[in-house]
Amino acid sequence: MAIKNLFKKVVASGVIVSALIGGASLAPSLAARAEQANPPVVTAQAARPIVEKGLARALKVELRIQDRQSKRLDGASKVVTKVQEIIDKATAAGKDVSALNTALDAYKDAVSKAKGIHEAAGDILKEHTGFADGKVTDKVAAKTTVTTAGAKQKEFAETFKQAHTSLKDALKTWKQANTK
């Protein structure tokens, strides 16, 4: 029985020591959290390089998006060619392709509109007002450049996506009606 009580006392004291050591190890992290609750004040002068780096990075992102959108426009001509081949084969087989012709014409018009939007974004990015050699020279003009180009690219994406979806849906509907 004495051994059992001794064992309980040793285990209990071990738990207490562990709790004390664990609590002591938490003290530095609690101090760090207190510092995070009251972060140091950043002055406008100190924040300037951060803002400029962000704008320069945003310009690079917009240029990459512009390149990807150029590739999408290149792919649109392949889509037109492929759909035209489907229309030609179906016409030769005596099938009604009026819905496909209408959808393809609408797709071409939308792609043409998207191309104009893409070119407008490209012109904004070529001027890169507020930037010189990828670095910010005028923060306000740089922000306007990035924001305006981004808005044009978003408009392009929405226009192009809608055109692609409409053509895809028209093809799907036509194929379902003509595969019976």
# chains A, B, ... in the order shown; residues from 1 in each chain; ligands from 1
>>> residues_around(residues="Lys115 of chain A", least_positions_apart="3", cutoff="8 Å", atoms="only C-alpha atoms", output="list of chain:residue names")
A:Leu73, A:Val111, A:Ser112, A:His118, A:Glu119, A:Phe156
>>> residues_around(residues="segment 170-180 of chain A", least_positions_apart="5", cutoff="8 Å", atoms="only C-alpha atoms", output="PyMOL selection string")
chain A and resi 95+99-100+103
>>> residues_around(residues="segment 135-142 of chain A", least_positions_apart="6", cutoff="12 Å", atoms="only C-alpha atoms", output="PDB file with C-alpha atoms, in the first residue's frame")
ATOM      1  CA  ARG A  48       6.083  53.667 -50.083  1.00  0.00           C
ATOM      2  CA  PRO A  49       8.459  50.861 -51.201  1.00  0.00           C
ATOM      3  CA  ILE A  50       5.843  48.254 -50.269  1.00  0.00           C
ATOM      4  CA  VAL A  51       3.161  49.983 -52.331  1.00  0.00           C
ATOM      5  CA  GLU A  52       5.520  50.448 -55.263  1.00  0.00           C
ATOM      6  CA  LYS A  53       6.530  46.775 -55.211  1.00  0.00           C
ATOM      7  CA  GLY A  54       2.860  45.812 -55.149  1.00  0.00           C
ATOM      8  CA  LEU A  55       2.086  48.002 -58.144  1.00  0.00           C
ATOM      9  CA  ALA A  56       5.100  46.686 -60.065  1.00  0.00           C
ATOM     10  CA  ARG A  57       3.999  43.131 -59.303  1.00  0.00           C
ATOM     11  CA  ALA A  58       0.447  43.973 -60.392  1.00  0.00           C
ATOM     12  CA  LEU A  59       1.771  45.275 -63.719  1.00  0.00           C
ATOM     13  CA  LYS A  60       3.609  41.985 -64.286  1.00  0.00           C
ATOM     14  CA  ILE A 124      -3.033  50.739 -71.775  1.00  0.00           C
ATOM     15  CA  LEU A 125      -0.315  48.263 -70.841  1.00  0.00           C
ATOM     16  CA  GLU A 127       1.776  52.994 -72.461  1.00  0.00           C
ATOM     17  CA  HIS A 128       2.401  51.752 -68.885  1.00  0.00           C
ATOM     18  CA  THR A 129       1.813  55.234 -67.542  1.00  0.00           C
ATOM     19  CA  THR A 148      -7.914  50.236 -65.926  1.00  0.00           C
ATOM     20  CA  ALA A 149      -6.075  47.417 -67.696  1.00  0.00           C
TER      21      ALA A 149
END
>>> atom_distance(atom1="atom CA of Asp67 of chain A", atom2="atom CA of Ala110 of chain A")
19.2 Å
>>> closest_residue(among="A:Leu104, A:Ala120, A:Ala114, A:Val146", to="Thr81 of chain A", atoms="only C-alpha atoms")
A:Leu104
>>> closest_residue(among="A:Thr159, A:Ala76, A:His164, A:Gln153", to="Arg64 of chain A", atoms="only C-alpha atoms")
A:Gln153
>>> select_by_dssp(residues="segment 80-167 of chain A", states="strand (DSSP E or B)", output="JSON, numbers by chain")
{"A": [131, 132, 135, 136]}
>>> write_last_selection(atoms="N, CA and C atoms", output="JSON list (two decimals), in the first residue's frame")
[["chain", "number", "residue", "atom", "x", "y", "z"],
["A", 131, "PHE", "N", 4.96, 53.97, -64.89],
["A", 131, "PHE", "CA", 6.03, 52.99, -64.76],
["A", 131, "PHE", "C", 7.17, 53.34, -65.72],
["A", 132, "ALA", "N", 8.37, 52.99, -65.35],
["A", 132, "ALA", "CA", 9.54, 53.09, -66.23],
["A", 132, "ALA", "C", 10.43, 51.90, -65.90],
["A", 135, "LYS", "N", 9.44, 49.78, -62.95],
["A", 135, "LYS", "CA", 9.43, 50.40, -61.63],
["A", 135, "LYS", "C", 8.45, 51.57, -61.62],
["A", 136, "VAL", "N", 7.86, 51.80, -60.47],
["A", 136, "VAL", "CA", 6.86, 52.86, -60.33],
["A", 136, "VAL", "C", 7.55, 54.22, -60.32]]
>>> atom_distance(atom1="atom CA of Asp105 of chain A", atom2="atom CA of Leu167 of chain A")
9.5 Å
>>> atom_distance(atom1="atom CA of Lys108 of chain A", atom2="atom CA of Ser77 of chain A")
8.9 Å
>>> closest_residue(among="A:Lys152, A:Ile87, A:Val80, A:Thr165", to="Asp123 of chain A", atoms="only C-alpha atoms")
A:Lys152
